[in-house]
Structures are given as C-alpha cells and as structure tokens.
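**Q** Could you have a look at this structure, given as structure tokens, before my questions?
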Amino acid sequence: MGEGKIVAGCLAPHPPHLVYAENPPQNEPVAEGGWEQLRWGYERLRESLKDIEYDSIVLLSPHWQTYVGTHFLGLENFKSLSVDPIFPNLFRYHYDINIDVELSQAICNAAAEAGLPTKMMTNPDFRVDYGTITTGHMFNPEWDKPFVVISSNRSTHYYSVEVMQEMMLELGRITRKAILESGKRVVVLASNSLSHRHFTTESDMPEDMSKEHITSHAMHLWDMRMIDYMRSGQSQRIIDEMPEFTEQAIAESDGGGLTWLLSTLGVPEYPATLHGYGTIIGTGNAIVEWPVHKYEEAKA
Ligand SMILES: [Fe+2]
C-alpha cells in the first residue's frame with residue numbers, strides 16, 4: 001500500500017444549534033433559522049471541497065470522552081437517536097453513520113504499536129456523541145462518506161494541557177502515517193469550538209440573534225489571536241500557546257482535537273482559509289480549512 005493522501009484538514013465545530021437552525025429531516029425540533037454566519041461558513045467549506053475527491057473523513061470529537069486511552073468506532077454502521085444532554089430542546093437527531101473500519105483499525109493498530117492505550121468500540125448499541133454527529137452533518141449533510149471517529153482521551157483533565165499535547169502530537173503523527181500507508185484519500189476534522197465560556201441561561205427563543213454575542217472581550221481577543229495564527233501559517237505558535245489559550249479561554253481545545261489536527265497535517269506553515277466565525281451561546285466558533293490540496297499543487 002502507500003500513496004495515501006490527506007487532501008484537507010479542517011476545524012469544524014459542533015454546537016447542536018447549527019443543526020437545529022438548518023432544520024434537516026433527521027432532527028425533530030424546528031427552528032426559525034439563526035447562526036447564519038456560521039452556517040454560511042460551512043456552506044463555503046463544503047463548496048471549497050466539492051471538486052476534491054476523497055474516500056473517508058477522519059474526525060476527533062471532544063464529546064466522546066474516554067479516560068483510559070483513545071478509542072475508535074469499530075463497526076461498519078451505527079444507527080440510533082442522539083439527544084443532546086444540555087439542549088434536548090434543540091437536538092434530537094436520528095443518525096445513520098457508516099464507518100471506515102479498515103482505516104480505523106489501521107490507525108488504532110499503529111497507535112497501539114507506538115505504545116498508546118487504544119480500543120476499538122464494537123458495541124452495536126453504543127450511542128455516538130452529538131459532537132461527531134453535528135460536525136458530520138454540517139460537513140457532509142448527505143452522509144455519503146464513511147468516517148473514522150476518534151475519542152477524546154481526557155488527559156487535559158487527568159493530567160495537564162502539556163501532557164495532552166504530547167499525546168495528541170504523537171497520535172497525530174501516527175494518524176498521518178497510517179493514512180499515507182492506507183492508500184486512501186482523506187479529510188481530517190477537529191470538532192471543537194475556540195473560546196468556550198458560555199451563557200448559563202438560554203433566551204426564550206434560542207435562535208433570537210439579538211441575544212447572541214461573545215461572552216467577553218478577553219474571549220474575543222483569544223479567538224482572534226488563534227485565527228490570526230491559522231491564517232498566517234503559524235501552527236507551531238498555536239501549539240506553543242495552547243496551554244495559556246486552553247486555560248484562559250476555557251477553550252474546547254482541551255479535548256485535544258486541535259493539537260491532533262495540526263500534528264496530523266504535519267504542523268503546516270501555509271495559511272489556512274477562514275470560512276466563517278461566529279458565537280453560539282457566547283462561545284467562539286471558527287470554520288477553518290487547511291487546503292493541503294492547493295498547497296501541494298503549488299509545490300509540484
Ligand atoms: Fe462541545
């Protein structure tokens with residue numbers, strides 16, 4: 001094998017409000033719209049990749065939380081109802097997700113060989129987390145590509161951001177190598193918000209955009225700083241500042257997705273494309289693409 005390729009990497013956040021506002025047939029609640037800046041951002045991301053061929057989507061979700069090692073969805077298909085525990089009024093989604101078990105197993109095996117604790121999830125009744133489903137839906141509403149879904153090992157909480165980063169940098173290098181050896185063309189997604197301090201109450205109508213704004217100026221400054229690093233190709237600075245960012249902005253990078261993504265992409269020095277930024281119940285969310293396909297064409 002060999003000749004596999006990562007065609008793009010994306011920061012693809014998952015607040016369930018985005019699916020709620022889209023009103024897809026799979027979701028039971030009905031909305032009058034809302035959060036358009038971010039939903040248009042996802043449209044631009046999908047448009048950007050529509051002519052790029054790929055086989056599978058590899059995603060790390062901070063809401064599949066595992067304290068002992070990294071787990072991978074390990075059956076061909078998972079189908080059930082997902083209800084957001086915080087927002088059951090917004091998200092009751094009937095999902096049907098196909099898994100690229102071959103690639104999943106390959107990454108899992110490679111991680112185990114490198115000494116990381118791993119496990120394949122093969123319980124057919126396992127409930128897939130809403131982070132995976134929301135990002136999966138917003139990135140690919142047709143659900144016509146198989147996924148590799150990777151859990152969030154909670155090493156930030158059990159140890160520290162520094163330990164989490166060591167583990168996620170290693171998992172990223174392993175993920176990259178396994179993809180290249182698989183012969184497949186793949187998109188990698190980190191499913192997380194940036195600043196994550198949120199309001200503790202919800203307005204009467206959740207989609208009332210007159211109530212939506214960042215929770216504080218400090219959160220805004222952190223989000224803009226990180227986005228600036230992404231847009232100017234300074235991935236290493238993001239990794240270097242991750243402990244302060246994660247702590248001070250209560251950022252959802254605590255789940256390891258962003259560090260893993262940057263490592264899987266080889267800590268890119270080329271600029272990422274910002275497709276959209278917006279707040280959801282006060283949290284900061286950016287939709288960002290590292291266009292590996294363009295960068296490699298330019299080098300060739
Ligand atoms: Fe989340």
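Within each chain, counting starts at residue 1; across the structure tokens, chains are named A, B, ... in the order shown, with ligands numbered 1 upward in that order.
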From a DSSP calculation on the backbone, collect every residue of range 93-269 of chain A in strand (DSSP E) and output the set as an NGL selection string.

**A** :A and (93-98 or 118-121 or 147-153 or 185-190)

**Q** Could you pull out all residues of range 8-144 of chain A with a DSSP call of helix (DSSP H, G or I) and give them as a PyMOL selection string?

**A** chain A and resi 17-22+36-48+101-113+130-139

**Q** Would you list the residues that come within 12 Å of ligand 1? Count only C-alpha atoms and all ligand atoms and give the answer as an mmCIF file with N, CA and C atoms, in the first residue's frame.

**A**
data_model
loop_
_atom_site.group_PDB
_atom_site.id
_atom_site.type_symbol
_atom_site.label_atom_id
_atom_site.label_comp_id
_atom_site.auth_asym_id
_atom_site.auth_seq_id
_atom_site.Cartn_x
_atom_site.Cartn_y
_atom_site.Cartn_z
ATOM 1 N N ALA A 12 -13.829 22.188 12.537
ATOM 2 C CA ALA A 12 -15.250 22.083 12.175
ATOM 3 C C ALA A 12 -16.088 21.918 13.443
ATOM 4 N N PRO A 13 -16.472 23.048 14.076
ATOM 5 C CA PRO A 13 -17.109 22.989 15.404
ATOM 6 C C PRO A 13 -18.528 22.411 15.370
ATOM 7 N N HIS A 14 -19.007 22.013 16.547
ATOM 8 C CA HIS A 14 -20.211 21.171 16.596
ATOM 9 C C HIS A 14 -21.348 21.659 17.506
ATOM 10 N N PRO A 15 -21.481 22.939 17.842
ATOM 11 C CA PRO A 15 -22.664 23.272 18.650
ATOM 12 C C PRO A 15 -23.942 22.776 17.958
ATOM 13 N N PRO A 16 -24.822 22.103 18.690
ATOM 14 C CA PRO A 16 -26.009 21.495 18.070
ATOM 15 C C PRO A 16 -26.960 22.531 17.479
ATOM 16 N N HIS A 17 -26.788 23.804 17.903
ATOM 17 C CA HIS A 17 -27.622 24.889 17.382
ATOM 18 C C HIS A 17 -27.544 24.986 15.855
ATOM 19 N N LEU A 60 -11.991 13.772 15.142
ATOM 20 C CA LEU A 60 -11.816 13.614 16.594
ATOM 21 C C LEU A 60 -12.821 14.520 17.301
ATOM 22 N N SER A 61 -13.650 13.920 18.150
ATOM 23 C CA SER A 61 -14.695 14.683 18.845
ATOM 24 C C SER A 61 -14.412 14.792 20.338
ATOM 25 N N PRO A 62 -14.479 16.021 20.896
ATOM 26 C CA PRO A 62 -14.264 16.181 22.339
ATOM 27 C C PRO A 62 -15.414 15.657 23.189
ATOM 28 N N HIS A 63 -16.519 15.257 22.555
ATOM 29 C CA HIS A 63 -17.652 14.766 23.355
ATOM 30 C C HIS A 63 -17.734 13.259 23.445
ATOM 31 N N TRP A 64 -16.815 12.562 22.788
ATOM 32 C CA TRP A 64 -16.667 11.138 23.084
ATOM 33 C C TRP A 64 -15.469 11.062 24.029
ATOM 34 N N GLN A 65 -15.774 11.058 25.309
ATOM 35 C CA GLN A 65 -14.730 11.258 26.304
ATOM 36 C C GLN A 65 -14.302 9.922 26.900
ATOM 37 N N ASP A 84 -29.023 15.695 22.657
ATOM 38 C CA ASP A 84 -28.022 16.492 23.369
ATOM 39 C C ASP A 84 -28.432 16.593 24.845
ATOM 40 N N PRO A 85 -27.538 16.240 25.763
ATOM 41 C CA PRO A 85 -27.927 16.263 27.179
ATOM 42 C C PRO A 85 -28.197 17.659 27.715
ATOM 43 N N ILE A 86 -27.557 18.682 27.139
ATOM 44 C CA ILE A 86 -27.763 20.062 27.616
ATOM 45 C C ILE A 86 -28.900 20.734 26.854
ATOM 46 N N PHE A 87 -29.023 20.406 25.572
ATOM 47 C CA PHE A 87 -30.021 21.061 24.712
ATOM 48 C C PHE A 87 -30.959 20.032 24.064
ATOM 49 N N ASP A 129 -21.653 10.211 19.956
ATOM 50 C CA ASP A 129 -21.799 11.520 20.617
ATOM 51 C C ASP A 129 -22.294 12.590 19.649
ATOM 52 N N TYR A 130 -22.924 13.638 20.209
ATOM 53 C CA TYR A 130 -23.518 14.662 19.346
ATOM 54 C C TYR A 130 -22.473 15.545 18.668
ATOM 55 N N GLY A 131 -21.243 15.594 19.203
ATOM 56 C CA GLY A 131 -20.177 16.359 18.528
ATOM 57 C C GLY A 131 -19.860 15.741 17.183
ATOM 58 N N THR A 132 -19.701 14.431 17.168
ATOM 59 C CA THR A 132 -19.445 13.719 15.910
ATOM 60 C C THR A 132 -20.595 13.927 14.935
ATOM 61 N N ILE A 133 -21.815 13.828 15.447
ATOM 62 C CA ILE A 133 -22.979 13.897 14.545
ATOM 63 C C ILE A 133 -23.160 15.308 13.988
ATOM 64 N N THR A 134 -23.011 16.320 14.850
ATOM 65 C CA THR A 134 -23.198 17.693 14.352
ATOM 66 C C THR A 134 -22.120 18.055 13.331
ATOM 67 N N THR A 135 -20.859 17.788 13.663
ATOM 68 C CA THR A 135 -19.797 18.082 12.689
ATOM 69 C C THR A 135 -19.988 17.246 11.431
ATOM 70 N N SER A 152 -11.860 11.422 22.507
ATOM 71 C CA SER A 152 -11.009 12.400 23.187
ATOM 72 C C SER A 152 -10.518 11.803 24.491
ATOM 73 N N ALA A 190 -11.135 18.400 13.103
ATOM 74 C CA ALA A 190 -11.160 18.577 14.558
ATOM 75 C C ALA A 190 -12.486 19.248 14.892
ATOM 76 N N SER A 191 -13.285 18.599 15.717
ATOM 77 C CA SER A 191 -14.627 19.090 16.020
ATOM 78 C C SER A 191 -14.596 19.860 17.337
ATOM 79 N N ASN A 192 -14.188 21.124 17.299
ATOM 80 C CA ASN A 192 -14.227 21.876 18.562
ATOM 81 C C ASN A 192 -14.401 23.376 18.339
ATOM 82 N N SER A 193 -14.982 24.018 19.354
ATOM 83 C CA SER A 193 -15.061 25.478 19.383
ATOM 84 C C SER A 193 -13.703 26.033 19.773
ATOM 85 N N LEU A 194 -13.547 27.353 19.707
ATOM 86 C CA LEU A 194 -12.347 28.009 20.250
ATOM 87 C C LEU A 194 -12.691 28.389 21.694
ATOM 88 N N SER A 195 -12.843 29.714 21.978
ATOM 89 C CA SER A 195 -13.192 30.080 23.365
ATOM 90 C C SER A 195 -14.532 29.433 23.722
ATOM 91 N N HIS A 196 -14.654 28.993 24.968
ATOM 92 C CA HIS A 196 -15.803 28.136 25.280
ATOM 93 C C HIS A 196 -16.505 28.565 26.565
ATOM 94 N N ARG A 197 -16.355 29.842 26.940
ATOM 95 C CA ARG A 197 -17.141 30.332 28.081
ATOM 96 C C ARG A 197 -18.521 30.688 27.551
ATOM 97 N N HIS A 198 -19.552 30.039 28.088
ATOM 98 C CA HIS A 198 -20.874 30.229 27.506
ATOM 99 C C HIS A 198 -21.867 30.794 28.531
ATOM 100 N N ILE A 250 -10.953 28.962 28.408
ATOM 101 C CA ILE A 250 -11.753 27.748 28.710
ATOM 102 C C ILE A 250 -12.001 27.008 27.395
ATOM 103 N N ALA A 251 -10.985 26.986 26.545
ATOM 104 C CA ALA A 251 -11.199 26.583 25.149
ATOM 105 C C ALA A 251 -11.488 25.092 25.036
ATOM 106 N N GLU A 252 -12.244 24.743 23.988
ATOM 107 C CA GLU A 252 -12.595 23.337 23.783
ATOM 108 C C GLU A 252 -11.426 22.561 23.156
ATOM 109 N N SER A 253 -10.324 23.265 22.945
ATOM 110 C CA SER A 253 -9.081 22.588 22.557
ATOM 111 C C SER A 253 -8.588 21.678 23.677
ATOM 112 N N ASP A 254 -9.209 21.761 24.854
ATOM 113 C CA ASP A 254 -8.840 20.852 25.958
ATOM 114 C C ASP A 254 -9.030 19.390 25.562
ATOM 115 N N GLY A 255 -9.949 19.138 24.610
ATOM 116 C CA GLY A 255 -10.220 17.773 24.174
ATOM 117 C C GLY A 255 -9.145 17.178 23.285
ATOM 118 N N GLY A 257 -8.427 17.873 20.090
ATOM 119 C CA GLY A 257 -8.684 17.815 18.649
ATOM 120 C C GLY A 257 -7.810 18.747 17.832
ATOM 121 N N ILE A 280 -21.900 31.108 19.547
ATOM 122 C CA ILE A 280 -23.085 30.296 19.858
ATOM 123 C C ILE A 280 -23.179 30.196 21.376
ATOM 124 N N ILE A 281 -24.299 30.680 21.911
ATOM 125 C CA ILE A 281 -24.467 30.915 23.354
ATOM 126 C C ILE A 281 -23.196 31.485 23.982
ATOM 127 N N THR A 283 -20.027 31.236 22.963
ATOM 128 C CA THR A 283 -18.738 30.589 22.668
ATOM 129 C C THR A 283 -18.246 31.007 21.284
ATOM 130 N N GLY A 284 -16.942 30.988 21.079
ATOM 131 C CA GLY A 284 -16.350 31.389 19.798
ATOM 132 C C GLY A 284 -16.131 30.184 18.901
ATOM 133 N N ASN A 285 -16.591 30.290 17.656
ATOM 134 C CA ASN A 285 -16.504 29.156 16.730
ATOM 135 C C ASN A 285 -15.952 29.607 15.390
#

**Q** Please report as CSV every residue of range 14-97 of chain A lying within 12 Å of range 109-112 of chain A, along with the nearest atom pair and their distance in Å (one decimal), using only C-alpha atoms.

**A**
residue,atom,partner,partner_atom,distance
A:Gly69,CA,A:Ala112,CA,9.8
A:Thr70,CA,A:Ala111,CA,8.8
A:His71,CA,A:Ala111,CA,10.4
A:Phe72,CA,A:Asn109,CA,10.5

**Q** Select, from A:Ala178, A:Ala8, A:Ile214, A:Val163, the residue with the minimum atom-to-atom distance to Gly256 in chain A, counting only C-alpha atoms.

**A**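 That would be A:Val163, the residue with the smallest distance to Gly256 in chain A.
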
**Q** Contacts between range 22-46 of chain A and range 96-158 of chain A, please, where a residue of range 96-158 of chain A counts if it comes within 8 Å (with only C-alpha atoms); show its shortest atom pair and distance in Å to one decimal, rows by chain and ascending number, as a Markdown table.

**A**
| residue | atom | partner | partner_atom | distance |
| --- | --- | --- | --- | --- |
| A:Met138 | CA | A:Tyr42 | CA | 6.5 |
| A:Phe139 | CA | A:Arg46 | CA | 6.5 |
| A:Asn140 | CA | A:Arg46 | CA | 7.6 |

**Q** Compare A:Asp240, A:Glu102, A:Glu289, A:Asp51 by their minimum atom-to-atom distance to Ser182 in chain A, counting only C-alpha atoms, and give me the closest one.

**A**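 Answer, going by the shortest atom-to-atom distance: A:Glu102.
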
**Q** Of the candidates A:Lys5, A:His137, A:Lys211, A:His220, which one gets nearest to Ala286 in chain A if we count only C-alpha atoms?

**A**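 When distances to Ala286 in chain A are compared using only C-alpha atoms, the smallest one comes from A:His220.
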
**Q** Could you jot down the CA of Tyr93 in chain A to CA of Lys79 in chain A separation for me, Å, one decimal place?

**A**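 Separating CA of Tyr93 in chain A from CA of Lys79 in chain A is a distance of 10.5 Å.
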
**Q** For a quick check of understanding, using only C-alpha atoms, which of A:Pro141, A:Leu73, A:Gly9, A:Asp100 has the smallest distance to Pro268 in chain A?

**A**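 Ranking A:Pro141, A:Leu73, A:Gly9, A:Asp100 by distance to Pro268 in chain A, first place goes to A:Gly9.
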
**Q** Can you pull out the residues contacting Asn123 in chain A? Cut-off 10 Å, using only C-alpha atoms, and skip same-chain residues under 6 positions away; I want them as a list in words.

**A** Leu73, Gly74, Leu75 and Phe78 of chain A

**Q** Given the choices A:Pro243, A:Pro88, A:Pro124, A:Gly233, which gets closest to Glu166 in chain A if the distance is worked out from only C-alpha atoms?

**A**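 Of A:Pro243, A:Pro88, A:Pro124, A:Gly233, the one nearest Glu166 in chain A, counting only C-alpha atoms, is A:Pro243.
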
**Q** Do you have the CA of Ile97 in chain A-CA of Thr122 in chain A distance handy?

**A**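 CA of Thr122 in chain A lies at a distance of 14.1 Å from CA of Ile97 in chain A.
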
**Q** Report as an MDAnalysis selection string all protein, DNA and RNA residues lying within 6 Å of Ile6 in chain A, evaluated on only C-alpha atoms, omitting residues in the same chain fewer than 6 positions from it.

**A** chainID A and resid 185:187

**Q** Rank nothing, just name the residue among A:Met219, A:Ser203, A:Val161, A:Tyr270 nearest to Glu241 in chain A, using only C-alpha atoms.

**A**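 Comparing A:Met219, A:Ser203, A:Val161, A:Tyr270 against Glu241 in chain A, the winner is A:Val161.
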
**Q** At what distance in Å, to one decimal, does CA of Thr259 in chain A lie from CA of Thr215 in chain A?

**A**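 Interatomic distance here is 24.2 Å.
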